[in-house]
Structure formats: structure tokens, C-alpha cells
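*Asks:* Got a file for you: start.txt, compact mmCIF, C-alpha atoms.
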# COMPACT_ATOMS: atom_id res chain seq x y z
CA MET F 1 122.90 117.32 116.72
CA LEU F 2 121.60 120.85 117.15
CA ASP F 3 120.27 122.39 120.34
CA ILE F 4 116.45 122.15 120.33
CA LYS F 5 116.26 125.73 121.67
CA PHE F 6 118.30 126.90 118.68
CA VAL F 7 115.90 125.12 116.30
CA ARG F 8 112.86 126.68 118.02
CA GLU F 9 114.34 130.16 117.80
CA ASN F 10 115.87 129.85 114.31
CA PRO F 11 113.63 127.57 112.20
CA GLU F 12 114.22 129.44 108.93
CA LEU F 13 118.00 129.41 109.41
CA VAL F 14 117.89 125.66 110.03
CA LYS F 15 115.76 125.15 106.90
CA GLU F 16 118.09 127.30 104.81
CA ASN F 17 121.02 125.19 106.01
CA ILE F 18 119.19 122.03 104.93
CA LYS F 19 118.68 123.57 101.49
CA LYS F 20 122.40 124.43 101.27
CA LYS F 21 123.11 120.74 101.80
CA PHE F 22 120.60 119.79 99.08
CA GLN F 23 118.55 117.70 101.51
CA ASP F 24 115.14 119.26 100.89
CA LYS F 25 113.38 116.03 101.89
CA LYS F 26 114.44 116.85 105.47
CA LEU F 27 112.74 120.27 105.52
CA PRO F 28 109.50 118.96 107.15
CA LEU F 29 111.58 117.67 110.08
CA VAL F 30 112.04 121.21 111.39
CA ASP F 31 108.34 121.91 111.85
CA GLU F 32 107.72 118.38 113.10
CA VAL F 33 110.41 118.74 115.77
CA ILE F 34 109.10 122.13 116.88
CA ALA F 35 105.53 120.79 117.18
CA LEU F 36 106.64 117.69 119.10
CA ASP F 37 108.82 119.76 121.40
CA GLU F 38 105.95 122.16 122.09
CA GLU F 39 103.75 119.21 123.06
CA ARG F 40 106.53 117.75 125.19
CA ARG F 41 106.98 121.02 127.06
CA ALA F 42 103.21 121.24 127.64
CA VAL F 43 103.26 117.71 129.05
CA VAL F 44 106.17 118.60 131.33
CA ALA F 45 104.39 121.75 132.51
CA ARG F 46 101.20 119.78 133.29
CA ALA F 47 103.20 117.13 135.15
CA ASP F 48 105.00 119.79 137.20
CA GLU F 49 101.64 121.37 138.00
CA LEU F 50 100.24 118.04 139.18
CA ARG F 51 103.30 117.32 141.34
CA ALA F 52 103.08 120.74 142.98
CA ASN F 53 99.35 120.21 143.56
CA ARG F 54 99.98 116.75 144.97
CA ASN F 55 102.45 118.13 147.50
CA LYS F 56 99.98 120.82 148.50
CA ILE F 57 97.11 118.33 148.87
CA SER F 58 99.30 115.94 150.88
CA LYS F 59 99.88 118.67 153.45
CA GLU F 60 96.13 119.41 153.53
CA ILE F 61 95.35 115.72 154.07
CA GLY F 62 97.74 115.63 157.03
CA ALA F 63 96.11 118.70 158.54
CA LEU F 64 92.57 117.32 158.05
CA MET F 65 93.47 113.97 159.59
CA ALA F 66 95.03 115.77 162.56
CA GLN F 67 91.74 117.66 163.00
CA GLY F 68 89.75 114.42 162.85
CA LYS F 69 88.20 115.30 159.49
CA ARG F 70 88.77 111.84 158.09
CA GLU F 71 86.03 111.96 155.46
CA GLU F 72 87.37 115.15 153.90
CA GLY F 73 90.90 113.77 154.08
CA MET F 74 89.90 110.56 152.27
CA ALA F 75 88.21 112.61 149.53
CA LEU F 76 91.45 114.46 148.93
CA LYS F 77 93.33 111.14 148.88
CA GLU F 78 91.12 110.04 145.99
CA GLN F 79 92.18 113.19 144.14
CA VAL F 80 95.85 112.31 144.72
CA THR F 81 95.22 108.78 143.44
CA ALA F 82 93.55 110.11 140.28
CA GLN F 83 96.35 112.57 139.71
CA ALA F 84 98.95 109.83 140.23
CA LYS F 85 97.40 107.90 137.36
CA GLU F 86 97.48 111.02 135.15
CA LEU F 87 101.11 111.62 136.16
CA GLU F 88 102.00 108.10 135.11
CA GLU F 89 100.38 108.65 131.71
CA LEU F 90 102.12 112.00 131.33
CA ALA F 91 105.50 110.45 132.19
CA ALA F 92 105.03 107.81 129.50
CA ARG F 93 103.98 110.45 126.99
CA GLU F 94 106.96 112.65 127.89
CA THR F 95 109.34 109.73 127.33
CA GLN F 96 107.78 108.97 123.95
CA LEU F 97 107.87 112.63 122.86
CA THR F 98 111.49 113.01 124.01
CA ASN F 99 112.48 109.95 121.98
CA ASP F 100 110.58 111.23 118.94
CA VAL F 101 112.21 114.66 119.17
CA THR F 102 115.67 113.12 119.58
CA GLN F 103 115.23 110.76 116.62
CA LYS F 104 114.16 113.60 114.33
CA MET F 105 116.79 115.99 115.67
CA MET F 106 119.49 113.44 114.86
CA MET F 107 118.42 113.62 111.21
CA ILE F 108 118.70 117.41 110.96
CA PRO F 109 122.19 118.39 109.73
CA ASN F 110 124.54 120.58 111.74
CA ILE F 111 124.85 124.24 110.72
CA ILE F 112 127.75 124.46 108.27
CA ASP F 113 130.40 127.13 108.67
CA GLU F 114 129.81 130.25 106.58
CA SER F 115 133.14 129.66 104.78
CA VAL F 116 131.98 126.31 103.30
CA PRO F 117 131.44 126.48 99.51
CA ILE F 118 127.95 125.53 98.33
CA GLY F 119 127.83 122.50 96.06
CA LYS F 120 125.87 119.28 95.54
CA ASP F 121 128.63 116.66 95.82
CA ASP F 122 132.39 116.06 95.88
CA SER F 123 132.70 117.11 92.24
CA GLU F 124 132.16 120.67 93.47
CA ASN F 125 134.81 120.62 96.20
CA VAL F 126 137.25 123.52 95.92
CA GLU F 127 141.02 123.21 95.70
CA VAL F 128 142.73 125.31 98.38
CA GLN F 129 146.46 124.75 97.91
CA LYS F 130 149.05 122.40 96.40
CA TYR F 131 152.17 121.28 98.24
CA GLY F 132 155.10 119.87 96.28
CA GLU F 133 155.57 119.57 92.54
CA PRO F 134 153.56 116.72 90.93
CA VAL F 135 155.79 114.69 88.61
CA VAL F 136 154.90 112.28 85.81
CA PRO F 137 158.01 110.23 84.93
CA GLU F 138 158.85 109.26 81.37
CA TYR F 139 158.55 105.57 82.23
CA GLU F 140 155.23 103.83 82.85
CA ILE F 141 153.81 103.59 86.38
CA PRO F 142 151.90 100.27 86.68
CA TYR F 143 148.71 99.80 88.67
CA HIS F 144 149.52 99.61 92.38
CA THR F 145 148.69 95.92 92.83
CA ASP F 146 150.90 95.15 89.82
CA ILE F 147 153.75 96.97 91.55
CA MET F 148 153.11 95.01 94.74
CA GLU F 149 153.06 91.71 92.86
CA THR F 150 156.60 92.29 91.53
CA PHE F 151 157.69 92.11 95.19
CA ASP F 152 155.48 89.06 95.91
CA GLY F 153 153.83 91.55 98.24
CA ILE F 154 150.10 90.95 97.79
CA ASP F 155 147.70 88.05 97.36
CA MET F 156 144.12 89.11 96.80
CA GLU F 157 143.11 85.80 95.24
CA ALA F 158 143.84 83.86 98.42
CA ALA F 159 142.15 86.57 100.50
CA GLY F 160 139.08 86.22 98.29
CA ARG F 161 138.93 82.51 99.06
CA VAL F 162 139.31 83.17 102.77
CA ALA F 163 137.17 86.29 103.28
CA GLY F 164 135.68 87.35 99.92
CA ASN F 165 136.16 90.46 97.82
CA GLY F 166 137.58 93.57 99.45
CA PHE F 167 140.27 91.79 101.48
CA TYR F 168 143.98 91.15 100.89
CA TYR F 169 147.17 89.54 102.16
CA LEU F 170 150.19 91.84 102.30
CA MET F 171 153.53 90.07 102.42
CA GLY F 172 157.28 90.58 102.58
CA ASP F 173 158.67 94.04 101.90
CA ILE F 174 155.22 95.45 101.08
CA ALA F 175 153.82 94.29 104.42
CA ARG F 176 156.88 95.69 106.15
CA LEU F 177 156.47 98.98 104.30
CA HIS F 178 152.83 99.07 105.41
CA SER F 179 153.88 98.69 109.06
CA ALA F 180 156.71 101.19 108.61
CA VAL F 181 154.30 103.87 107.44
CA ILE F 182 152.02 103.28 110.43
CA SER F 183 154.95 103.35 112.88
CA TYR F 184 156.36 106.50 111.31
CA ALA F 185 152.94 108.21 111.45
CA ARG F 186 152.59 107.22 115.13
CA ASP F 187 155.98 108.71 116.06
CA PHE F 188 155.38 111.76 113.85
CA MET F 189 152.26 112.63 115.85
CA ILE F 190 153.85 111.82 119.22
CA ASP F 191 156.65 114.24 118.31
CA ARG F 192 153.95 116.88 117.73
CA GLY F 193 152.68 116.48 121.27
CA PHE F 194 149.81 114.03 120.74
CA THR F 195 149.18 111.20 123.20
CA TYR F 196 149.34 107.74 121.61
CA VAL F 197 146.29 105.52 122.19
CA VAL F 198 145.21 102.04 121.11
CA PRO F 199 141.40 102.06 121.55
CA PRO F 200 138.74 99.30 121.59
CA PHE F 201 137.98 98.02 118.10
CA MET F 202 134.29 97.51 118.88
CA ILE F 203 131.76 99.99 120.24
CA ARG F 204 128.18 99.93 121.49
CA SER F 205 125.23 101.27 119.52
CA ASN F 206 124.83 104.38 121.69
CA VAL F 207 128.39 105.38 120.77
CA VAL F 208 127.77 104.66 117.07
CA THR F 209 124.73 106.94 116.97
CA GLY F 210 126.66 109.51 118.97
CA VAL F 211 129.52 109.86 116.49
CA MET F 212 127.80 109.59 113.10
CA SER F 213 124.56 110.05 111.18
CA PHE F 214 122.13 107.21 110.49
CA GLU F 215 123.07 107.32 106.79
CA GLU F 216 126.77 106.85 107.58
CA MET F 217 125.98 104.09 110.06
CA ASP F 218 123.99 102.10 107.50
CA ALA F 219 126.63 102.53 104.79
CA MET F 220 129.64 101.76 106.95
CA MET F 221 129.19 99.71 110.10
CA TYR F 222 129.40 95.95 110.58
CA LYS F 223 127.26 94.73 113.47
CA ILE F 224 128.27 91.82 115.71
CA GLU F 225 125.39 89.37 115.57
CA GLY F 226 123.59 88.82 118.85
CA GLU F 227 125.46 91.59 120.70
CA ASP F 228 125.16 95.34 121.10
CA LEU F 229 128.53 95.84 119.43
CA TYR F 230 129.77 97.20 116.10
CA LEU F 231 133.21 96.96 114.49
CA ILE F 232 134.68 100.45 114.24
CA GLY F 233 135.00 102.10 110.83
CA THR F 234 137.74 104.36 112.18
CA SER F 235 139.35 104.76 115.60
CA GLU F 236 137.74 108.20 115.84
CA HIS F 237 134.54 106.35 116.79
CA SER F 238 135.90 104.75 119.95
CA MET F 239 138.24 107.68 120.66
CA ILE F 240 135.36 110.17 120.85
CA GLY F 241 133.30 107.53 122.65
CA LYS F 242 135.98 107.47 125.36
CA PHE F 243 134.54 110.74 126.67
CA ILE F 244 130.87 109.73 126.69
CA ASP F 245 128.97 111.21 129.66
CA THR F 246 132.08 112.85 131.15
CA ILE F 247 132.90 116.30 132.50
CA THR F 248 136.49 117.39 131.87
CA PRO F 249 138.00 120.30 133.82
CA GLU F 250 138.58 123.22 131.47
CA GLU F 251 142.25 123.48 132.43
CA LYS F 252 142.91 119.99 131.02
CA LEU F 253 141.88 121.04 127.50
CA PRO F 254 142.76 120.58 124.75
CA LEU F 255 142.97 116.79 124.69
CA THR F 256 145.14 115.88 121.69
CA LEU F 257 145.25 112.18 120.89
CA THR F 258 146.61 110.01 118.09
CA SER F 259 145.27 106.49 117.79
CA TYR F 260 146.01 103.31 115.89
CA SER F 261 143.37 100.79 114.91
CA PRO F 262 142.22 98.39 112.25
CA CYS F 263 139.08 99.68 110.53
CA PHE F 264 136.15 97.76 109.05
CA ARG F 265 133.74 99.18 106.48
CA LYS F 266 130.95 97.83 104.33
CA GLU F 267 131.81 100.38 101.58
CA LYS F 268 128.31 100.18 100.08
CA GLY F 269 128.14 101.37 96.49
CA ALA F 270 131.90 101.26 95.84
CA HIS F 271 132.57 100.74 92.14
CA GLY F 272 134.70 101.82 89.21
CA ILE F 273 138.20 101.03 87.95
CA GLU F 274 139.94 102.84 90.81
CA GLU F 275 137.85 100.94 93.35
CA ARG F 276 139.66 97.67 92.59
CA GLY F 277 142.98 96.73 94.16
CA VAL F 278 143.39 98.06 97.70
CA TYR F 279 141.96 101.53 97.11
CA ARG F 280 138.55 100.80 98.64
CA ILE F 281 138.41 97.75 100.87
CA HIS F 282 136.55 96.29 103.84
CA GLN F 283 139.53 96.14 106.21
CA PHE F 284 142.49 98.46 106.63
CA GLU F 285 144.66 100.07 109.30
CA LYS F 286 144.81 103.70 110.21
CA GLN F 287 146.58 106.28 112.33
CA GLU F 288 144.09 108.93 113.42
CA MET F 289 144.21 112.21 115.32
CA VAL F 290 141.41 113.44 117.59
CA VAL F 291 141.04 116.69 119.52
CA VAL F 292 138.59 117.64 122.27
CA CYS F 293 138.79 121.36 122.96
CA LYS F 294 137.05 124.58 123.96
CA PRO F 295 134.56 125.96 121.40
CA GLU F 296 136.64 129.07 120.72
CA GLU F 297 139.69 126.94 119.86
CA SER F 298 138.15 124.44 117.43
CA MET F 299 138.90 126.32 114.21
CA TYR F 300 142.50 126.81 115.32
CA TRP F 301 142.84 123.07 115.85
CA PHE F 302 141.06 122.34 112.58
CA ASP F 303 143.84 124.09 110.67
CA LYS F 304 146.53 122.44 112.79
CA LEU F 305 145.14 118.95 112.12
CA TRP F 306 145.01 119.01 108.33
CA GLN F 307 148.42 120.70 108.26
CA ASN F 308 149.84 117.72 110.18
CA THR F 309 148.76 115.38 107.38
CA VAL F 310 150.20 117.65 104.71
CA ASP F 311 153.50 117.85 106.60
CA LEU F 312 153.71 114.07 107.01
CA PHE F 313 153.19 113.37 103.31
CA ARG F 314 155.65 116.08 102.32
CA SER F 315 158.23 114.57 104.69
CA LEU F 316 158.01 111.49 102.44
CA ASP F 317 158.27 113.61 99.26
CA ILE F 318 154.70 112.89 98.20
CA PRO F 319 152.98 115.89 96.54
CA VAL F 320 149.57 116.67 98.01
CA ARG F 321 146.80 119.22 97.79
CA THR F 322 144.01 120.32 100.10
CA LEU F 323 140.36 120.51 99.06
CA GLU F 324 137.60 122.41 100.86
CA CYS F 325 134.59 120.08 100.98
CA CYS F 326 131.43 121.70 99.67
CA SER F 327 128.10 121.72 101.55
CA GLY F 328 126.67 118.67 99.79
CA ASP F 329 129.78 116.59 100.52
CA LEU F 330 129.67 117.20 104.27
CA ALA F 331 128.27 114.46 106.50
CA ASP F 332 125.42 115.73 108.66
CA LEU F 333 127.43 116.24 111.85
CA LYS F 334 130.26 118.14 110.15
CA VAL F 335 130.52 121.92 110.17
CA LYS F 336 133.63 122.13 108.00
CA SER F 337 135.90 119.59 106.32
CA VAL F 338 139.14 119.57 104.32
CA ASP F 339 140.34 116.56 102.32
CA VAL F 340 144.02 115.92 101.76
CA GLU F 341 144.71 114.33 98.37
CA ALA F 342 147.98 112.74 97.21
CA TRP F 343 149.39 112.91 93.70
CA SER F 344 149.08 109.79 91.53
CA PRO F 345 151.67 109.79 88.71
CA ARG F 346 149.88 106.86 87.08
CA GLN F 347 146.45 108.53 87.00
CA LYS F 348 147.96 112.01 86.53
CA LYS F 349 145.61 113.36 89.18
CA TYR F 350 145.18 113.61 92.94
CA PHE F 351 143.18 111.17 95.07
CA GLU F 352 141.94 111.30 98.65
CA VAL F 353 144.21 109.99 101.40
CA GLY F 354 142.77 111.79 104.42
CA SER F 355 139.90 113.91 105.68
CA CYS F 356 139.89 116.52 108.46
CA SER F 357 136.59 117.46 110.10
CA ASN F 358 135.32 119.93 112.68
CA LEU F 359 132.06 118.74 114.25
CA THR F 360 131.84 121.57 116.82
CA ASP F 361 129.45 120.36 119.59
CA ALA F 362 127.39 117.88 117.52
CA GLN F 363 129.04 114.72 118.85
CA ALA F 364 129.44 116.25 122.30
CA ARG F 365 125.70 116.95 122.57
CA ARG F 366 124.80 113.39 121.55
CA LEU F 367 127.37 111.82 123.88
CA LYS F 368 127.17 114.37 126.71
CA ILE F 369 130.84 115.34 126.50
CA ARG F 370 131.03 118.35 128.79
CA VAL F 371 133.61 120.76 130.11
CA LYS F 372 133.67 122.17 133.65
CA GLY F 373 134.31 125.90 133.28
CA LYS F 374 134.52 128.74 135.78
CA GLU F 375 130.94 129.76 135.06
CA GLY F 376 129.44 126.29 134.75
CA ASN F 377 129.48 123.29 132.44
CA TYR F 378 129.36 123.52 128.65
CA LEU F 379 129.72 121.22 125.64
CA ALA F 380 133.18 120.51 124.22
CA HIS F 381 134.06 120.68 120.52
CA THR F 382 135.43 117.59 118.79
CA LEU F 383 137.62 117.23 115.70
CA ASN F 384 139.24 114.36 113.86
CA ASN F 385 141.67 113.85 111.00
CA THR F 386 143.46 111.02 109.23
CA VAL F 387 147.21 110.85 109.73
CA VAL F 388 147.67 107.95 107.31
CA ALA F 389 145.44 105.09 106.19
CA PRO F 390 147.45 102.39 104.47
CA PRO F 391 147.16 100.45 102.30
CA ARG F 392 145.59 103.40 100.39
CA MET F 393 148.52 105.56 101.42
CA LEU F 394 150.79 102.83 99.98
CA ILE F 395 149.35 103.55 96.54
CA ALA F 396 150.64 107.12 96.70
CA PHE F 397 153.92 106.01 98.23
CA LEU F 398 154.67 103.29 95.68
CA GLU F 399 153.70 105.38 92.66
CA ASN F 400 155.76 108.38 93.78
CA ASN F 401 158.83 106.35 94.78
CA LEU F 402 158.92 103.78 91.97
CA ASN F 403 162.10 103.85 89.89
CA GLU F 404 162.45 102.91 86.24
CA ASP F 405 164.21 99.63 87.15
CA GLY F 406 161.23 98.57 89.32
CA THR F 407 162.88 99.28 92.67
CA VAL F 408 161.13 101.51 95.19
CA SER F 409 163.15 104.19 96.99
CA ILE F 410 162.73 104.47 100.76
CA PRO F 411 162.86 108.08 102.01
CA GLU F 412 165.25 108.73 104.85
CA ALA F 413 162.42 109.25 107.34
CA LEU F 414 161.25 105.63 106.85
CA ARG F 415 164.59 103.82 106.73
CA MET F 416 164.85 103.18 110.47
CA TYR F 417 161.52 101.31 110.21
CA MET F 418 162.75 99.30 107.19
CA GLY F 419 165.94 97.93 108.70
CA GLY F 420 168.04 100.73 107.21
CA LYS F 421 167.12 99.95 103.58
CA ASP F 422 167.24 102.83 101.12
CA LYS F 423 165.25 100.86 98.57
CA ILE F 424 163.37 97.60 98.12
CA VAL F 425 164.08 95.35 95.14
CA PRO F 426 161.43 93.40 93.20
CA LYS F 427 161.57 89.61 93.13
CA LYS F 428 160.07 89.40 89.64
Starting from the file, lay out its structure as C-alpha cells.
*Replies:*
Amino acid sequence: MLDIKFVRENPELVKENIKKKFQDKKLPLVDEVIALDEERRAVVARADELRANRNKISKEIGALMAQGKREEGMALKEQVTAQAKELEELAARETQLTNDVTQKMMMIPNIIDESVPIGKDDSENVEVQKYGEPVVPEYEIPYHTDIMETFDGIDMEAAGRVAGNGFYYLMGDIARLHSAVISYARDFMIDRGFTYVVPPFMIRSNVVTGVMSFEEMDAMMYKIEGEDLYLIGTSEHSMIGKFIDTITPEEKLPLTLTSYSPCFRKEKGAHGIEERGVYRIHQFEKQEMVVVCKPEESMYWFDKLWQNTVDLFRSLDIPVRTLECCSGDLADLKVKSVDVEAWSPRQKKYFEVGSCSNLTDAQARRLKIRVKGKEGNYLAHTLNNTVVAPPRMLIAFLENNLNEDGTVSIPEALRMYMGGKDKIVPKK
């Protein structure tokens, strides 16, 4: 969320930013917010005037009563009573206007970084760099669930009976591989100096609206019926929420955290051949990284975060590339975002396995995440990035490590988590 003072002073810049994100329907919000805020400030000024006048009159009443001028004192008391009623009305109006301004401000997108390419959707994202040589073997690479089934490693039919579409059972070596990847990612990030955290898997509505836009909330979040709780779509939600309404001493920054959690998503509108299997599902597990830092350090940490994901995938010999997300592909709170995509030998193309985002002070303003500096308090910057999110990451792993005989090679980095195995052997 933007600073209302910034919007007042830079309305055309804010409108131009909305146009860059191809959200022209939001253009009227800028003028509406400015008008509401002007009224709110007028209401506040009138209320302050009445309070000052009330204090002055109260002193006059005391003086008149002391002089025995009861009649004049009572007349002034009637003025105070009338003003008290007006103050009550003004307070209610101020609350309503503040809520209206906040609601509209939360719909205005953050100002994107000047380096972000302009484009309507993810089809216009820009490749930045490739890491590793993509290989297409001479033998056929089956669909990922077909590979898993040769190991008796997945049962989506039973999961459908139990929970419906978009769920799965992982079993045997595939389930173990899934856990191995998560454990390896955890230790990889700990070795890079991040503090390991297991957060709450449910959050309250004020945290939900603090970490994401209304559009994201509607498309992603599952609400717990009868309670003010939502299942998290990623541990970033509760990790950033950890700092709600806090003031952190500047010398303790940056806070660098890596968290594990299950994730739950509605995945509205998911469709297409690559949406079947375990590519896009309602439940998965994830290792995340989150940073809370000083404003001047956020771009430095942005580059560090996505590089961590690249390094992890390359340590498992999986070719990846980075994509700069264009303006139309950025969620409203994001200033800049880079996707990490892994190579799929079967599809002969890359697909997304992680996303790194810098939100500057957007989440911090909504959640009141502040820093205590030498010259006063200021808003922190927040960033997040996927370390790994299996089972989607398993697709890349299985395809890139599948041998012609149907076995799957286990890279050295994962063997300690797989009981020392250098490969897993299909049962079928």
C-alpha cells in the first residue's frame, strides 16, 4: 500500500503506474482517494478546533463559576454540550472516511521499479539468464505421474475419493524423495545463514489483507468456517505476519529467515494439459525464504534471494533460467519480481519452480512493521522467495535425473537424505 501523502503529491505518477500495469479500471481510485482524504483531513481539523475550543471554554466556565456568574457559566456549558455532540458525529465520520480511504488505497498497486519491463501478462516476461545446459535425451521422458507410478509412488485416484481433485498420495521412494528435497533445501538455507522457522499454518484476516491484494486473496485463500482464520497459501504469509505491529531495532536487521510449511490454495482458473498431475494442486509443501531489512538494502537482498534458488537447483544438476516479470504479471504489492524456471526435458521448455519478490514497504505499511533508527522510526522492507516447492520441484528432478532403464539417479547432495542411495529403482 502506498503512502497517502505520496498519492496526494504525485497523482499523475500513480496513474501512470496503474496504466503500466494495464489496470485502467483502477484509475478513478486515485482521484476518489484524494477527495476522501481531503474531506477526512477537514473533519480532523474541525474536530481539533472544537477540542481546543472546548478546553478554552471549560477554563472560562470555571472562572465564571468562581466569580458567582452561574447563569453565564451554564450558558457556556450548553455550548460545550452542543459541541460534544458535533465531536461525536465528526469522530464517526472520520472513522468512516479513514476506512474508505484505506480500502481504496489497498486496491492501488505499488509503484513498480523503473527496471521492470512493460508487458500485459506472463507471456511478455523477459529471460535474464540461463544456468546449466538443457539436455533432451534420446530416450522418451514420460509424464511425471507416469514416472512416479513405475515406483508405486503416487495414488491420485484414492486421493480423489478422499479429498477430491487436486490432491495426491505420495508413497515409497517418491515420498522419501519429496522429504529429502525439503530437508536438503532447509539445510542449504541454514548453511547460508538463514534462521529456520516452522510458522503457524493458519492466519487471521488482518494478516491476510496485510500480505496480499484482494484479488490474490479471493483466488488463493481457504477460509476456516466460523472462525477468523485462513489456511496459508505460503509460509511467507505467516512469516511476514510474525512482525505485525512491531518495532525492530535497526541494529538487528536484516532478519533472514527460512521457513517450512504445507500450503493450501484454491488455484482458481487452473486448466490445461500441464495443470494435471501434481503441477498445480490444492495442497503442497514448501521451503521459503523471507527477509526484513532496511530500505536501502532491499535490492541487494532481492538479488541474493533469487540467486539462492538458482544455486540450489544447480547443486542438483537441474538447468534453470531466470525471468524478469513484466509489469502486468506483478501482483499489486510487488515492486519487482524474478521467476526461476527449471528445464523440462519432456516438454523441451522451462517451467516455473520459484518466484522472488521485493515488496519494499507495501506489506510493512499495512502491517505496521517498523524499524527503530537513530533518527526515529521508519517502515521496513520485506522480500520473499521460494527455495523449493515440491511436488512441483519433483517434476523437474525426476525428468532431469531419469535414466533410460527407468531408474532415477540421486545426486550426491541428496544421498544422505535417501539412506545413501545413488539411485532409486522402479517396481514396475
*Asks:* Find, counting all atoms listed in the file, the residue in F:Val340, F:Ile318, F:Ala180, F:Ala91 that gets nearest to F:Gly419.
*Replies:*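 Among the listed residues, F:Ala180 lies closest to F:Gly419.
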*Asks:* Counting only C-alpha atoms, what is within 8 Å of F:Phe351, bar same-chain residues fewer than 6 positions away, as a ChimeraX atom specification?
*Replies:* /F:341-344
*Asks:* With only C-alpha atoms counted and 10 Å as the cut-off, give the residues of stretch 297-412 of chain F in contact with stretch 98-121 of chain F, each with its shortest interatomic distance in Å and the pair that gives it, as JSON lines.
*Replies:*
{"residue": "F:Glu324", "atom": "CA", "partner": "F:Val116", "partner_atom": "CA", "distance": 7.3}
{"residue": "F:Cys325", "atom": "CA", "partner": "F:Val116", "partner_atom": "CA", "distance": 7.1}
{"residue": "F:Cys326", "atom": "CA", "partner": "F:Pro117", "partner_atom": "CA", "distance": 4.8}
{"residue": "F:Ser327", "atom": "CA", "partner": "F:Ile118", "partner_atom": "CA", "distance": 5.0}
{"residue": "F:Gly328", "atom": "CA", "partner": "F:Lys120", "partner_atom": "CA", "distance": 4.4}
{"residue": "F:Asp329", "atom": "CA", "partner": "F:Asp121", "partner_atom": "CA", "distance": 4.8}
{"residue": "F:Leu330", "atom": "CA", "partner": "F:Ile112", "partner_atom": "CA", "distance": 8.5}
{"residue": "F:Ala331", "atom": "CA", "partner": "F:Pro109", "partner_atom": "CA", "distance": 7.9}
{"residue": "F:Asp332", "atom": "CA", "partner": "F:Pro109", "partner_atom": "CA", "distance": 4.3}
{"residue": "F:Leu333", "atom": "CA", "partner": "F:Asn110", "partner_atom": "CA", "distance": 5.2}
{"residue": "F:Lys334", "atom": "CA", "partner": "F:Asn110", "partner_atom": "CA", "distance": 6.4}
{"residue": "F:Val335", "atom": "CA", "partner": "F:Ile112", "partner_atom": "CA", "distance": 4.2}
{"residue": "F:Lys336", "atom": "CA", "partner": "F:Asp113", "partner_atom": "CA", "distance": 6.0}
{"residue": "F:Ser337", "atom": "CA", "partner": "F:Val116", "partner_atom": "CA", "distance": 8.3}
{"residue": "F:Val338", "atom": "CA", "partner": "F:Val116", "partner_atom": "CA", "distance": 9.9}
{"residue": "F:Asn358", "atom": "CA", "partner": "F:Asp113", "partner_atom": "CA", "distance": 9.6}
{"residue": "F:Leu359", "atom": "CA", "partner": "F:Asn110", "partner_atom": "CA", "distance": 8.1}
{"residue": "F:Thr360", "atom": "CA", "partner": "F:Asn110", "partner_atom": "CA", "distance": 8.9}
{"residue": "F:Asp361", "atom": "CA", "partner": "F:Asn110", "partner_atom": "CA", "distance": 9.3}
{"residue": "F:Ala362", "atom": "CA", "partner": "F:Asn110", "partner_atom": "CA", "distance": 7.0}
{"residue": "F:Arg366", "atom": "CA", "partner": "F:Met106", "partner_atom": "CA", "distance": 8.5}
*Asks:* One number please: atom CA of F:Val128 to atom CA of F:Lys19, in Å, one decimal.
*Replies:*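 These atoms are spaced 24.3 Å apart.
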*Asks:* Record the distance separating atom CA of F:Lys130 and atom CA of F:Ile395, expressed in Å with one decimal.
*Replies:*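 One can read the atom CA of F:Lys130 to atom CA of F:Ile395 distance as 18.9 Å.
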*Asks:* Hey, which of F:Lys21, F:Ala84, F:Val291, F:Tyr300 ends up closest to F:Gly193? Count all atoms listed in the file.
*Replies:*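 Closest residue, counting all atoms listed in the file: F:Val291.
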*Asks:* What does the distance from atom CA of F:Leu231 to atom CA of F:Leu255 come to in Å, to one decimal?
*Replies:*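 Atom-to-atom, atom CA of F:Leu231 and atom CA of F:Leu255 are spaced 24.3 Å apart.
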*Asks:* Give the answer as one residue: which of F:Gln283, F:Thr248, F:Thr209, F:Leu323 has the shortest atom-to-atom distance to F:Ser123, using all atoms listed in the file?
*Replies:* F:Leu323
*Asks:* If we count all atoms listed in the file, what is near F:Ala175 at a cut-off of 12 Å, once residues fewer than 3 positions away on the same chain are taken out, given as a short mmCIF file (atom, residue, chain, number, x, y, z; two decimals) with C-alpha atoms, keeping the file's coordinate frame?
*Replies:*
data_model
loop_
_atom_site.label_atom_id
_atom_site.label_comp_id
_atom_site.auth_asym_id
_atom_site.auth_seq_id
_atom_site.Cartn_x
_atom_site.Cartn_y
_atom_site.Cartn_z
CA MET F 148 153.11 95.01 94.74
CA GLU F 149 153.06 91.71 92.86
CA PHE F 151 157.69 92.11 95.19
CA ASP F 152 155.48 89.06 95.91
CA GLY F 153 153.83 91.55 98.24
CA ILE F 154 150.10 90.95 97.79
CA ASP F 155 147.70 88.05 97.36
CA TYR F 168 143.98 91.15 100.89
CA TYR F 169 147.17 89.54 102.16
CA LEU F 170 150.19 91.84 102.30
CA MET F 171 153.53 90.07 102.42
CA GLY F 172 157.28 90.58 102.58
CA HIS F 178 152.83 99.07 105.41
CA SER F 179 153.88 98.69 109.06
CA ALA F 180 156.71 101.19 108.61
CA VAL F 181 154.30 103.87 107.44
CA ILE F 182 152.02 103.28 110.43
CA GLU F 285 144.66 100.07 109.30
CA PRO F 390 147.45 102.39 104.47
CA PRO F 391 147.16 100.45 102.30
CA LEU F 394 150.79 102.83 99.98
CA TYR F 417 161.52 101.31 110.21
CA MET F 418 162.75 99.30 107.19
CA ILE F 424 163.37 97.60 98.12
#
*Asks:* Hey, which of F:Pro142, F:Asn403, F:Leu257, F:Glu297 ends up closest to F:Arg186? Count all atoms listed in the file.
*Replies:*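 For F:Arg186, the nearest of the candidates is F:Leu257.
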*Asks:* Using all atoms listed in the file, which residue out of F:Thr407, F:Gln83, F:Asn125, F:Thr145 lies closest to F:Arg392?
*Replies:*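 Answer, going by the shortest atom-to-atom distance: F:Thr145.
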*Asks:* Could you list, as a list in words, every residue within 7 Å of stretch 213-225 of chain F, counting all atoms listed in the file and ignoring same-chain residues fewer than 5 positions away?
*Replies:*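 So the residues in contact are Tyr230, Leu231, Ile232, Gly233, Arg265, Lys266, Glu267, Lys268, Asp332 and Leu333 of chain F.
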*Asks:* List as CSV every residue of stretch 226-331 of chain F that is in contact with stretch 408-411 of chain F, defined as an atom at most 9 Å from one of its atoms (using all atoms listed in the file), together with the nearest atom pair and the distance in Å rounded to one decimal, sorted by chain and then rising number.
*Replies:*
residue,atom,partner,partner_atom,distance
F:Ser315,CA,F:Pro411,CA,8.4
F:Leu316,CA,F:Pro411,CA,5.9
F:Asp317,CA,F:Pro411,CA,7.7
*Asks:* Need the shell around F:Gln347: protein/DNA/RNA residues with any atom at most 12 Å away, counting all atoms listed in the file. Skip same-chain ones fewer than 4 positions apart. Format as JSON, numbers by chain?
*Replies:* {"F": [134, 135, 136, 137, 140, 141, 142, 143, 144, 273, 274, 342, 343, 351, 395, 396, 399, 400]}
